[in-house]
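J.: Below are the structure tokens for one structure; questions will follow.
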Amino acid sequence: MKVSALIRQTAKKNNVDYKATVYFRIRDGKKDIKAASELMICPNHWNAEKQGYKDRVSMVSESDKMEFNHKVHELTQRIEKEYKADADSEWLGEIIERFHHPERYKAAADDPVEETAPMTFFELFDEFLRLHHLSDVRKKNFYVVKRALMRYELFVKKKKRGMRDFVLDIEKVTKDTLADMWDFMENEYLYAERYPDIYADIPEKRTPQPRGKNTLIDCFSRIRTFFIWCYNQGLTTNRPFDKFPIEECLYGTPIYISLQERNQLFEADLSARPKLAIQRDIFVFQSVVGCRVGDLYKLTKDNIVNGALEYIQQKTRNHNPRTIRVPLNSTAKKILERYADYEGEHLLPFVSEQKYNQAIKEAFKLAGLDRLVTMLNPLTRQPEQHHLYEVATTHTARKTFIGNIYKQVKDPDLVSSLSGHKEGSRAFRRYREIDEEMKKDLVHLLD
């Protein structure tokens, strides 16, 4: 038996307004039945192989794409789970309607005969994501964890002896279950090669890579957040993390460039690489306003107000919205003047984040920013040395902004008013390292 999602309509190449109905189909031997769902998608955005959105659809938000894809997947799983040999199109239509309108099928409060089935682990997870205020970026990260847990369930069910009926149950997860999850997620990159069928069922855009301890700690912190939410909502009495403590992430000293290096980058002659020069300018602009790359890419000319950049950061928009206002210095103004004739919808001519990261590394190298820096390897947690241009990323710009200001004022509250960090943020502990110049000055006091 196989369940699949499909659309029947097509649209002209540039038509992105027309929406087609998503149908669900069951094939079981000679049986071939279909029923329409309430899910709608533009045919030009549909990937028949993935049964969801194509990877590169810019006019639809990441959260909307993820929500749609997960609904397709959840409904497919629901049909597979409840399938019976005598199923027909009417039965399939009722399953789909129950999925979209569960409230219509809940038993009346005074009806003692029928009880509403408790939500499954992943239905609870979806409810958590629906009701818990999260930014698009954080919601995307939670979906990554959810898909990993779904693959874990499949892995146990298909590959462990005597566990064919295994399902994750919010009430039955123990510290041993969490330890087994940790082992699976730590070694998932190996299982992806060994058991490709699991990743065909629940794919990722990229092949799973080795996860470092910090990444695993982040993943399990999100799983713990989900369990705490369920407990606080009275949806479970289970608290497995009480016996499964999570360490704090371990980070090295932030790597950022000095003001002299920033100027060296800005003044580097990149006339032979005009497209690279544009991305270099964007990096320098980011390094003097300090916003995260997600916020940077959403900026428009409307964000420039009375000589300052004003924006509400995505990370805290839903639960602690506050306007960040960063006065523009001469470098920022010079860059904005350089692109004053740019007519795009954004503030500056951005490329994809992946291409931006690559451009930063190339620009650093061409500008001669090649000093050796020491950083922690995220997998081994051992110190390693690399050239600056090898490790520069979009976040280096934000670190450059914070690091150079913090070096001057040493006031976390003042810096956070410009960077958007919450009050008392632990991130500033990493900027308290005494830099080399200050060390030299201290030693000279002994002369």
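Ordering of the structure tokens sets the chain letters (A, B, ...); residue numbers start at 1 within each chain; ligands are numbered from 1 in the order shown.
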What are the DSSP strand (DSSP E) residues of stretch 118-320 of chain A, as a list of chain:residue names?
T.: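 DSSP on the backbone gives strand (DSSP E) at A:Ile304, A:Val305, A:Ala308, A:Leu309, A:Glu310, A:Tyr311, A:Ile312.
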J.: Determine, for each residue of stretch 43-156 of chain A having at least one atom at most 12 Å from an atom of stretch 206-219 of chain A, the closest pair of atoms and their separation in Å to one decimal, counting only C-alpha atoms; order by chain and ascending number, as JSON lines.
T.:
```
{"residue": "A:Asp55", "atom": "CA", "partner": "A:Arg206", "partner_atom": "CA", "distance": 11.0}
{"residue": "A:Arg138", "atom": "CA", "partner": "A:Asp218", "partner_atom": "CA", "distance": 11.2}
{"residue": "A:Asn141", "atom": "CA", "partner": "A:Cys219", "partner_atom": "CA", "distance": 8.3}
{"residue": "A:Phe142", "atom": "CA", "partner": "A:Cys219", "partner_atom": "CA", "distance": 8.1}
{"residue": "A:Tyr143", "atom": "CA", "partner": "A:Cys219", "partner_atom": "CA", "distance": 10.5}
{"residue": "A:Val144", "atom": "CA", "partner": "A:Cys219", "partner_atom": "CA", "distance": 8.8}
{"residue": "A:Val145", "atom": "CA", "partner": "A:Cys219", "partner_atom": "CA", "distance": 6.2}
{"residue": "A:Lys146", "atom": "CA", "partner": "A:Cys219", "partner_atom": "CA", "distance": 9.6}
{"residue": "A:Arg147", "atom": "CA", "partner": "A:Cys219", "partner_atom": "CA", "distance": 11.5}
{"residue": "A:Ala148", "atom": "CA", "partner": "A:Cys219", "partner_atom": "CA", "distance": 9.5}
{"residue": "A:Leu149", "atom": "CA", "partner": "A:Cys219", "partner_atom": "CA", "distance": 10.3}
{"residue": "A:Arg151", "atom": "CA", "partner": "A:Pro208", "partner_atom": "CA", "distance": 11.6}
```
J.: What is the distance, in Å and to one decimal place, between atom CA of A:Thr225 and atom CA of A:Gln51?
T.: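 So the answer is 29.8 Å.
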J.: Between atom CA of A:Tyr23 and atom CA of A:Pro203, what is the distance, to one decimal in Å?
T.: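 Going from atom CA of A:Tyr23 over to atom CA of A:Pro203, I get 20.8 Å.
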J.: Could you list, as a ChimeraX atom specification, every residue within 12 Å of stretch 321-338 of chain A, counting only C-alpha atoms and ignoring same-chain residues fewer than 5 positions away?
T.: /A:133-135,259,262-263,266-267,277-292,295,300-301,303-316,346-349,401,414-422
J.: Pick out each residue of stretch 303-386 of chain A that DSSP on the backbone tags as alpha helix (DSSP H); I need them as an MDAnalysis selection string.
T.: chainID A and resid 330:338 353:366
J.: Do you know which residues are at most 7 Å from stretch 379-394 of chain A counting only C-alpha atoms, after dropping those on the same chain fewer than 5 positions away, and could you put them as a PyMOL selection string?
T.: chain A and resi 211-213+293+357+360-361+364-365+369-374
J.: Restricting the output to all heavy atoms, write the selected residues as a compact mmCIF listing (two decimals), in the first residue's frame.
T.:
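Output saved as selection_20.txt:
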```txt
# COMPACT_ATOMS: atom_id res chain seq x y z
N ARG A 211 27.07 16.05 13.67
CA ARG A 211 26.61 17.12 14.58
C ARG A 211 27.60 17.23 15.74
O ARG A 211 27.92 16.24 16.39
CB ARG A 211 25.22 16.81 15.13
CG ARG A 211 24.10 16.90 14.10
CD ARG A 211 22.74 16.72 14.79
NE ARG A 211 21.63 16.94 13.88
CZ ARG A 211 20.91 15.98 13.33
NH1 ARG A 211 21.19 14.71 13.60
NH2 ARG A 211 19.91 16.25 12.51
N GLY A 212 28.06 18.45 15.99
CA GLY A 212 28.91 18.68 17.15
C GLY A 212 28.08 18.72 18.43
O GLY A 212 26.85 18.74 18.39
N LYS A 213 28.77 18.76 19.56
CA LYS A 213 28.07 18.72 20.84
C LYS A 213 27.20 19.95 21.04
O LYS A 213 26.09 19.85 21.58
CB LYS A 213 29.07 18.59 21.99
CG LYS A 213 28.41 18.13 23.29
CD LYS A 213 29.43 17.64 24.29
CE LYS A 213 28.74 17.04 25.51
NZ LYS A 213 29.70 16.52 26.50
N VAL A 293 21.95 38.56 10.06
CA VAL A 293 21.77 38.51 8.61
C VAL A 293 20.29 38.36 8.24
O VAL A 293 19.84 38.91 7.22
CB VAL A 293 22.61 37.37 7.99
CG1 VAL A 293 22.08 35.99 8.39
CG2 VAL A 293 22.69 37.48 6.48
N ASN A 357 27.97 34.39 2.05
CA ASN A 357 29.04 33.82 2.88
C ASN A 357 30.29 33.53 2.05
O ASN A 357 31.41 33.78 2.49
CB ASN A 357 28.54 32.53 3.55
CG ASN A 357 27.96 32.77 4.94
OD1 ASN A 357 28.57 33.45 5.76
ND2 ASN A 357 26.79 32.24 5.18
N ILE A 360 32.07 36.77 1.17
CA ILE A 360 32.82 37.34 2.30
C ILE A 360 34.21 36.72 2.37
O ILE A 360 35.21 37.43 2.53
CB ILE A 360 32.03 37.09 3.61
CG1 ILE A 360 30.75 37.93 3.64
CG2 ILE A 360 32.91 37.42 4.83
CD1 ILE A 360 29.78 37.54 4.74
N LYS A 361 34.28 35.41 2.26
CA LYS A 361 35.58 34.73 2.33
C LYS A 361 36.49 35.17 1.19
O LYS A 361 37.70 35.43 1.40
CB LYS A 361 35.36 33.21 2.27
CG LYS A 361 34.73 32.63 3.54
CD LYS A 361 34.44 31.15 3.39
CE LYS A 361 34.03 30.51 4.71
NZ LYS A 361 32.82 31.09 5.29
N PHE A 364 37.68 38.82 1.82
CA PHE A 364 38.70 38.84 2.88
C PHE A 364 40.06 38.43 2.31
O PHE A 364 41.08 39.06 2.60
CB PHE A 364 38.31 37.89 4.01
CG PHE A 364 37.51 38.52 5.13
CD1 PHE A 364 36.36 39.24 4.85
CD2 PHE A 364 37.90 38.39 6.46
CE1 PHE A 364 35.62 39.82 5.86
CE2 PHE A 364 37.18 38.97 7.48
CZ PHE A 364 36.03 39.69 7.18
N LYS A 365 40.07 37.37 1.52
CA LYS A 365 41.34 36.86 0.98
C LYS A 365 41.97 37.88 0.04
O LYS A 365 43.19 38.14 0.13
CB LYS A 365 41.09 35.54 0.25
CG LYS A 365 42.37 34.82 -0.14
CD LYS A 365 42.07 33.42 -0.66
CE LYS A 365 43.37 32.66 -0.95
NZ LYS A 365 43.09 31.28 -1.42
N LEU A 369 43.28 39.86 4.37
CA LEU A 369 42.93 39.59 5.77
C LEU A 369 43.18 38.10 6.04
O LEU A 369 42.26 37.27 6.00
CB LEU A 369 41.48 39.97 6.05
CG LEU A 369 41.12 41.44 5.84
CD1 LEU A 369 39.68 41.71 6.20
CD2 LEU A 369 42.05 42.35 6.65
N ASP A 370 44.45 37.76 6.29
CA ASP A 370 44.83 36.37 6.37
C ASP A 370 45.54 36.01 7.68
O ASP A 370 46.23 35.00 7.76
CB ASP A 370 45.74 36.00 5.20
CG ASP A 370 47.00 36.86 5.14
OD1 ASP A 370 47.14 37.76 6.00
OD2 ASP A 370 47.83 36.63 4.25
N ARG A 371 45.37 36.86 8.72
CA ARG A 371 46.03 36.51 9.99
C ARG A 371 45.45 35.21 10.53
O ARG A 371 44.29 34.85 10.28
CB ARG A 371 45.89 37.64 11.00
CG ARG A 371 44.48 37.93 11.47
CD ARG A 371 44.49 39.07 12.51
NE ARG A 371 43.17 39.62 12.74
CZ ARG A 371 42.33 39.17 13.67
NH1 ARG A 371 42.68 38.17 14.45
NH2 ARG A 371 41.15 39.73 13.84
N LEU A 372 46.27 34.51 11.31
CA LEU A 372 45.83 33.25 11.91
C LEU A 372 45.00 33.53 13.16
O LEU A 372 45.34 34.39 13.97
CB LEU A 372 47.04 32.38 12.27
CG LEU A 372 47.77 31.72 11.10
CD1 LEU A 372 49.02 31.01 11.60
CD2 LEU A 372 46.86 30.73 10.38
N VAL A 373 43.90 32.81 13.29
CA VAL A 373 43.04 32.93 14.47
C VAL A 373 42.83 31.54 15.05
O VAL A 373 42.85 30.54 14.33
CB VAL A 373 41.68 33.58 14.12
CG1 VAL A 373 41.87 35.02 13.69
CG2 VAL A 373 40.95 32.79 13.04
N THR A 374 42.63 31.49 16.35
CA THR A 374 42.40 30.21 17.03
C THR A 374 40.92 30.09 17.35
O THR A 374 40.32 31.00 17.92
CB THR A 374 43.22 30.13 18.32
OG1 THR A 374 44.61 30.28 18.01
CG2 THR A 374 43.01 28.79 19.01
```
J.: Which residue out of A:Ile79, A:Ile202, A:Met163, A:Met150 has the minimum interatomic distance to A:Phe184 when only C-alpha atoms are used?
T.: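 The answer is A:Met150, which sits nearest to A:Phe184.
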J.: Would you mind listing what lies within 9 Å of A:Val72 as a list in words, with only C-alpha atoms counted and same-chain residues fewer than 5 positions away left out?
T.: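 In the requested form, the answer reads Ala5, Val22, Leu39, Gln51, Gly52, Glu67 and Gln77 of chain A.
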J.: For the selection you just gave me, I'd like the residues written to a file as a PDB file, in the first residue's frame, keeping C-alpha atoms.
T.:
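Output file part17.pdb is given in full below:
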```pdb
ATOM      1  CA  ALA A   5      -0.044  13.522  -2.666  1.00  0.00           C
ATOM      2  CA  VAL A  22      -3.818  18.827  -3.384  1.00  0.00           C
ATOM      3  CA  LEU A  39      -4.532  22.162   0.917  1.00  0.00           C
ATOM      4  CA  GLN A  51       5.296  16.187  -2.617  1.00  0.00           C
ATOM      5  CA  GLY A  52       5.614  19.740  -1.365  1.00  0.00           C
ATOM      6  CA  GLU A  67       3.812  24.439   7.517  1.00  0.00           C
ATOM      7  CA  GLN A  77       1.067   9.488   7.777  1.00  0.00           C
TER       8      GLN A  77
END
```
J.: Might you pull out every residue within 12 Å of A:Thr237, with only C-alpha atoms counted and same-chain residues fewer than 6 positions away left off, and present them as a list in words?
T.: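 Skipping anything fewer than 6 positions along the chain leaves Ile170, Glu171, Lys172, Val173, Phe227, Ile228, Trp229, Cys230 and Tyr231 of chain A.
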J.: Can you tell me which residues surround A:Pro240 at a distance of at most 7 Å, considering only C-alpha atoms, apart from same-chain residues fewer than 3 positions away, and format the answer as a CSV table (one decimal) with N, CA, C and O atoms, in the first residue's frame?
T.:
```
chain,number,residue,atom,x,y,z
A,173,VAL,N,8.3,8.6,27.2
A,173,VAL,CA,9.7,8.9,26.9
A,173,VAL,C,10.4,9.0,28.3
A,173,VAL,O,10.0,9.7,29.2
A,174,THR,N,11.6,8.3,28.4
A,174,THR,CA,12.3,8.3,29.6
A,174,THR,C,13.7,8.9,29.4
A,174,THR,O,14.1,9.2,28.2
A,175,LYS,N,14.5,8.9,30.4
A,175,LYS,CA,15.9,9.4,30.2
A,175,LYS,C,16.7,8.4,29.3
A,175,LYS,O,17.5,8.9,28.6
A,243,LYS,N,15.8,14.0,34.8
A,243,LYS,CA,16.9,13.0,35.0
A,243,LYS,C,17.8,12.9,33.8
A,243,LYS,O,18.6,12.0,33.7
A,244,PHE,N,17.7,14.0,32.9
A,244,PHE,CA,18.6,14.0,31.8
A,244,PHE,C,19.1,15.4,31.6
A,244,PHE,O,18.7,16.2,30.8
```
J.: Just checking: using only C-alpha atoms, which residue out of A:His395, A:Lys298, A:Lys34, A:Lys160 ends up closest to A:Glu90?
T.: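 So, comparing all the options, the nearest one is A:Lys34.
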J.: So, counting only C-alpha atoms, which residue among A:Val409, A:Val156, A:Val137, A:Met1 is closest to A:Lys84?
T.: A:Met1
J.: Of the residues A:Arg130, A:Lys31, A:Lys205, A:Lys50, which is the one nearest to A:Asp64, using only C-alpha atoms?
T.: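 Result for the nearest residue to A:Asp64: A:Arg130.
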